[in-house]
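Written below as structure tokens is the structure these notes are about.
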Amino acid sequence: MQIRETTARLPVRSMTRRARGKTRWGVHIALIIVCLIVCIPAIYALQVATLTTEESFAVPPVLFPPGNDLLSNINTLMTSRGFDQLLINTILVSLVVVIGKTALALLAGMAFVYFQFPGKWFLFFFVLLTLLMPTEIILQPLFNLVVDLGWIRDGHSRLALTMPFLSSATGAFLFRQHFSNIPRELAEASQIDGASPLRFLIAILVPMSWNIIGAHAMIQFIYMWNQYAWPVFVIPSMDNQMIQVGVSQSAQMSGQADFGLLMTAGIIASIPPLLLFVLLQKQFMSGFAITRDK
């Protein structure tokens, strides 16, 4: 009797597996279609980057085949538009801000979790409140401040580009939430062993926070990489500008808009953040899975 019941259940399980397999295939096909739709603007930008000025203005637009002007556009941007120097400037500024922001965010998160001081919760609430303040409303007061401090000299001071962005409310909140999920017994054990707070941070908290550090570093790098309004305010010289300012000005050539050159500039400016995302993809995806298991 038991053998018959087992045999009767086999077709039902087989049908269930087939139904699940069909459902998965349907989901995969739908996701592939969505990904293709999302990639259409990038594919079109790459197509336009290969076209000459006349071809980019053609009606209907040239969708296929790709043109032969991509290398020429890259050479124009690197030689006559100084994109190589703009990339170096932006990478240096972004790295300085990322390192400074991460270090200060680690210290702030540790202070909000492991230290007791008057007004801690009010200060944390004030830090979160700064997230609601648009950056554009403080551009003019911030510009006046850096001028008074003497950080703008000949329009190429790196202090004006880096110092105003070293604090991070997002980073403080992120590390505070992460440190709150780490067992308090570790801090008590380190105090019993005589470790200083800085030693506890470096030896215990940092090794347990590499995923959060990677996710925070990538977010802040992309944030600085896409800076446009503030560099326009403080850096009038193109030799010391950021990459996004160079992209916005690359469309004009000899008084005529060159969309092939503009799309090429946008693609070049997108490569470093894309490479960083590929390298830190694992940390970024797991950095927000903040659980007590860590």
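Here's how to read the names in the structure tokens: chain A, B, ... by the order shown, residue numbers from 1 in each chain, ligand numbers from 1 in the order shown.
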
So that I can check the surroundings of Val146 (chain A), please list as a ChimeraX atom specification every protein, DNA and RNA residue that reaches within 12 Å of it, counting only C-alpha atoms and ignoring chain neighbours fewer than 4 positions away.
/A:139-142,150-153,155,157-164,230,233-234

From a DSSP pass on the backbone, collect the residues of region 84-261 of chain A flagged as alpha helix (DSSP H) and hand them back as a VMD selection string.
chain A and resid 84 to 114 120 to 129 139 to 148 159 to 162 169 to 180 184 to 192 197 to 200 210 to 225 229 to 234 243 to 249 259 to 261

Neighbours of Gly214 (chain A) within 12 Å (only C-alpha atoms; same-chain residues fewer than 2 positions away dropped), as number ranges by chain? A: 98-99, 102, 171, 174-175, 206-212, 216-221, 276-288

- prompt: In terms of the shortest atom-to-atom distance over only C-alpha atoms, which of A:Leu261, A:Ala45, A:Ala169, A:Ile243 is closest to Met133 (chain A)?
  reply: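 Counting only C-alpha atoms, the residue closest to Met133 (chain A) is A:Ala169.
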
In terms of only C-alpha atoms, the residue from A:Leu36, A:Val113, A:Ile29, A:Met224 at minimal distance from Lys101 (chain A) is A:Met224

Correct to one decimal, the distance CA of Leu95 (chain A)-CA of Leu166 (chain A) is 11.1 Å

Do a neighbour search on region 178-193 of chain A at 12 Å with only C-alpha atoms, toss out local chain neighbours closer than 2 positions, and write the hits as a PDB file with N, CA and C atoms, in the first residue's frame.
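Output below, filename selection07.pdb:
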```pdb
ATOM      1  N   ALA A 105      33.585  59.022   9.264  1.00  0.00           N
ATOM      2  CA  ALA A 105      32.326  58.309   9.485  1.00  0.00           C
ATOM      3  C   ALA A 105      32.520  57.139  10.451  1.00  0.00           C
ATOM      4  N   LEU A 106      33.662  56.458  10.367  1.00  0.00           N
ATOM      5  CA  LEU A 106      33.962  55.381  11.314  1.00  0.00           C
ATOM      6  C   LEU A 106      34.045  55.916  12.741  1.00  0.00           C
ATOM      7  N   LEU A 107      34.742  57.035  12.902  1.00  0.00           N
ATOM      8  CA  LEU A 107      34.865  57.623  14.237  1.00  0.00           C
ATOM      9  C   LEU A 107      33.513  58.105  14.755  1.00  0.00           C
ATOM     10  N   ALA A 108      32.707  58.725  13.891  1.00  0.00           N
ATOM     11  CA  ALA A 108      31.393  59.194  14.315  1.00  0.00           C
ATOM     12  C   ALA A 108      30.479  58.036  14.691  1.00  0.00           C
ATOM     13  N   GLY A 109      30.455  56.986  13.858  1.00  0.00           N
ATOM     14  CA  GLY A 109      29.626  55.829  14.183  1.00  0.00           C
ATOM     15  C   GLY A 109      30.030  55.173  15.486  1.00  0.00           C
ATOM     16  N   MET A 110      31.345  55.097  15.730  1.00  0.00           N
ATOM     17  CA  MET A 110      31.821  54.524  16.987  1.00  0.00           C
ATOM     18  C   MET A 110      31.426  55.398  18.172  1.00  0.00           C
ATOM     19  N   ALA A 111      31.521  56.717  18.024  1.00  0.00           N
ATOM     20  CA  ALA A 111      31.161  57.617  19.116  1.00  0.00           C
ATOM     21  C   ALA A 111      29.684  57.518  19.466  1.00  0.00           C
ATOM     22  N   PHE A 112      28.816  57.409  18.462  1.00  0.00           N
ATOM     23  CA  PHE A 112      27.379  57.352  18.718  1.00  0.00           C
ATOM     24  C   PHE A 112      26.948  56.031  19.342  1.00  0.00           C
ATOM     25  N   VAL A 113      27.772  54.997  19.245  1.00  0.00           N
ATOM     26  CA  VAL A 113      27.389  53.687  19.771  1.00  0.00           C
ATOM     27  C   VAL A 113      28.074  53.385  21.103  1.00  0.00           C
ATOM     28  N   TYR A 114      29.389  53.633  21.197  1.00  0.00           N
ATOM     29  CA  TYR A 114      30.162  53.147  22.334  1.00  0.00           C
ATOM     30  C   TYR A 114      30.520  54.224  23.357  1.00  0.00           C
ATOM     31  N   PHE A 115      30.159  55.480  23.087  1.00  0.00           N
ATOM     32  CA  PHE A 115      30.474  56.542  24.039  1.00  0.00           C
ATOM     33  C   PHE A 115      29.179  57.163  24.566  1.00  0.00           C
ATOM     34  N   GLY A 171      27.362  58.375   6.002  1.00  0.00           N
ATOM     35  CA  GLY A 171      28.342  57.454   6.561  1.00  0.00           C
ATOM     36  C   GLY A 171      28.193  57.298   8.062  1.00  0.00           C
ATOM     37  N   ALA A 172      27.952  58.400   8.778  1.00  0.00           N
ATOM     38  CA  ALA A 172      27.766  58.311  10.224  1.00  0.00           C
ATOM     39  C   ALA A 172      26.569  57.434  10.566  1.00  0.00           C
ATOM     40  N   PHE A 173      25.472  57.615   9.844  1.00  0.00           N
ATOM     41  CA  PHE A 173      24.284  56.799  10.089  1.00  0.00           C
ATOM     42  C   PHE A 173      24.549  55.330   9.733  1.00  0.00           C
ATOM     43  N   LEU A 174      25.221  55.092   8.617  1.00  0.00           N
ATOM     44  CA  LEU A 174      25.477  53.724   8.160  1.00  0.00           C
ATOM     45  C   LEU A 174      26.342  52.963   9.155  1.00  0.00           C
ATOM     46  N   PHE A 175      27.439  53.579   9.605  1.00  0.00           N
ATOM     47  CA  PHE A 175      28.329  52.894  10.543  1.00  0.00           C
ATOM     48  C   PHE A 175      27.707  52.816  11.934  1.00  0.00           C
ATOM     49  N   ARG A 176      26.907  53.790  12.294  1.00  0.00           N
ATOM     50  CA  ARG A 176      26.236  53.710  13.583  1.00  0.00           C
ATOM     51  C   ARG A 176      25.283  52.522  13.629  1.00  0.00           C
ATOM     52  N   ALA A 195      42.628  47.513  25.949  1.00  0.00           N
ATOM     53  CA  ALA A 195      42.738  48.145  24.630  1.00  0.00           C
ATOM     54  C   ALA A 195      42.100  49.527  24.660  1.00  0.00           C
ATOM     55  N   SER A 196      42.748  50.474  24.016  1.00  0.00           N
ATOM     56  CA  SER A 196      42.205  51.819  23.905  1.00  0.00           C
ATOM     57  C   SER A 196      41.065  51.822  22.892  1.00  0.00           C
ATOM     58  N   PRO A 197      40.210  52.861  22.909  1.00  0.00           N
ATOM     59  CA  PRO A 197      39.134  52.929  21.910  1.00  0.00           C
ATOM     60  C   PRO A 197      39.643  52.904  20.473  1.00  0.00           C
ATOM     61  N   LEU A 198      40.759  53.574  20.198  1.00  0.00           N
ATOM     62  CA  LEU A 198      41.301  53.561  18.846  1.00  0.00           C
ATOM     63  C   LEU A 198      41.799  52.176  18.463  1.00  0.00           C
ATOM     64  N   ARG A 199      42.417  51.477  19.408  1.00  0.00           N
ATOM     65  CA  ARG A 199      42.859  50.105  19.145  1.00  0.00           C
ATOM     66  C   ARG A 199      41.670  49.186  18.916  1.00  0.00           C
ATOM     67  N   PHE A 200      40.609  49.371  19.673  1.00  0.00           N
ATOM     68  CA  PHE A 200      39.385  48.590  19.477  1.00  0.00           C
ATOM     69  C   PHE A 200      38.792  48.837  18.098  1.00  0.00           C
ATOM     70  N   LEU A 201      38.836  50.094  17.653  1.00  0.00           N
ATOM     71  CA  LEU A 201      38.315  50.415  16.321  1.00  0.00           C
ATOM     72  C   LEU A 201      39.131  49.744  15.231  1.00  0.00           C
ATOM     73  N   ILE A 202      40.466  49.856  15.324  1.00  0.00           N
ATOM     74  CA  ILE A 202      41.331  49.353  14.254  1.00  0.00           C
ATOM     75  C   ILE A 202      41.402  47.827  14.256  1.00  0.00           C
ATOM     76  N   ALA A 203      41.487  47.233  15.430  1.00  0.00           N
ATOM     77  CA  ALA A 203      41.727  45.794  15.509  1.00  0.00           C
ATOM     78  C   ALA A 203      40.460  44.957  15.435  1.00  0.00           C
ATOM     79  N   ILE A 204      39.312  45.520  15.827  1.00  0.00           N
ATOM     80  CA  ILE A 204      38.079  44.715  15.903  1.00  0.00           C
ATOM     81  C   ILE A 204      36.994  45.248  14.970  1.00  0.00           C
ATOM     82  N   LEU A 205      36.670  46.520  15.086  1.00  0.00           N
ATOM     83  CA  LEU A 205      35.548  47.046  14.313  1.00  0.00           C
ATOM     84  C   LEU A 205      35.846  47.116  12.821  1.00  0.00           C
ATOM     85  N   VAL A 206      37.015  47.603  12.454  1.00  0.00           N
ATOM     86  CA  VAL A 206      37.329  47.738  11.029  1.00  0.00           C
ATOM     87  C   VAL A 206      37.355  46.387  10.314  1.00  0.00           C
ATOM     88  N   MET A 208      35.649  43.843  10.916  1.00  0.00           N
ATOM     89  CA  MET A 208      34.282  43.354  10.826  1.00  0.00           C
ATOM     90  C   MET A 208      33.396  44.234   9.952  1.00  0.00           C
ATOM     91  N   SER A 209      33.967  45.275   9.366  1.00  0.00           N
ATOM     92  CA  SER A 209      33.150  46.253   8.644  1.00  0.00           C
ATOM     93  C   SER A 209      33.609  46.474   7.215  1.00  0.00           C
ATOM     94  N   TRP A 210      34.372  45.547   6.650  1.00  0.00           N
ATOM     95  CA  TRP A 210      34.907  45.786   5.306  1.00  0.00           C
ATOM     96  C   TRP A 210      33.803  45.915   4.265  1.00  0.00           C
ATOM     97  N   ASN A 211      32.729  45.161   4.416  1.00  0.00           N
ATOM     98  CA  ASN A 211      31.628  45.286   3.452  1.00  0.00           C
ATOM     99  C   ASN A 211      30.979  46.663   3.530  1.00  0.00           C
ATOM    100  N   ILE A 212      30.775  47.161   4.740  1.00  0.00           N
ATOM    101  CA  ILE A 212      30.190  48.488   4.910  1.00  0.00           C
ATOM    102  C   ILE A 212      31.148  49.557   4.391  1.00  0.00           C
ATOM    103  N   ILE A 213      32.432  49.389   4.672  1.00  0.00           N
ATOM    104  CA  ILE A 213      33.424  50.354   4.194  1.00  0.00           C
ATOM    105  C   ILE A 213      33.447  50.385   2.672  1.00  0.00           C
ATOM    106  N   HIS A 216      30.227  52.106   1.405  1.00  0.00           N
ATOM    107  CA  HIS A 216      30.301  53.549   1.657  1.00  0.00           C
ATOM    108  C   HIS A 216      31.310  54.217   0.732  1.00  0.00           C
ATOM    109  N   GLY A 287      26.945  44.940   1.744  1.00  0.00           N
ATOM    110  CA  GLY A 287      27.206  45.955   2.744  1.00  0.00           C
ATOM    111  C   GLY A 287      25.967  46.444   3.458  1.00  0.00           C
ATOM    112  N   PHE A 288      24.792  46.304   2.831  1.00  0.00           N
ATOM    113  CA  PHE A 288      23.564  46.778   3.437  1.00  0.00           C
ATOM    114  C   PHE A 288      22.784  45.648   4.094  1.00  0.00           C
ATOM    115  N   ALA A 289      23.315  44.423   4.043  1.00  0.00           N
ATOM    116  CA  ALA A 289      22.674  43.317   4.740  1.00  0.00           C
ATOM    117  C   ALA A 289      23.187  43.302   6.169  1.00  0.00           C
ATOM    118  N   ILE A 290      22.764  44.302   6.939  1.00  0.00           N
ATOM    119  CA  ILE A 290      23.268  44.470   8.305  1.00  0.00           C
ATOM    120  C   ILE A 290      22.447  43.594   9.232  1.00  0.00           C
ATOM    121  N   THR A 291      23.065  42.518   9.671  1.00  0.00           N
ATOM    122  CA  THR A 291      22.383  41.590  10.577  1.00  0.00           C
ATOM    123  C   THR A 291      23.239  41.369  11.805  1.00  0.00           C
ATOM    124  N   ARG A 292      22.669  40.747  12.797  1.00  0.00           N
ATOM    125  CA  ARG A 292      23.397  40.483  14.027  1.00  0.00           C
ATOM    126  C   ARG A 292      24.386  39.352  13.850  1.00  0.00           C
ATOM    127  N   ASP A 293      24.277  38.582  12.742  1.00  0.00           N
ATOM    128  CA  ASP A 293      25.217  37.493  12.507  1.00  0.00           C
ATOM    129  C   ASP A 293      26.619  37.998  12.280  1.00  0.00           C
ATOM    130  N   LYS A 294      26.774  39.276  11.861  1.00  0.00           N
ATOM    131  CA  LYS A 294      28.103  39.822  11.674  1.00  0.00           C
ATOM    132  C   LYS A 294      28.824  39.987  13.003  1.00  0.00           C
TER     133      LYS A 294
END
```

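With only C-alpha atoms as the atoms that count, the residue of A:Ala265, A:Ile138, A:Leu104, A:Ile33 with the shortest distance to Ala229 (chain A) is A:Ile138.
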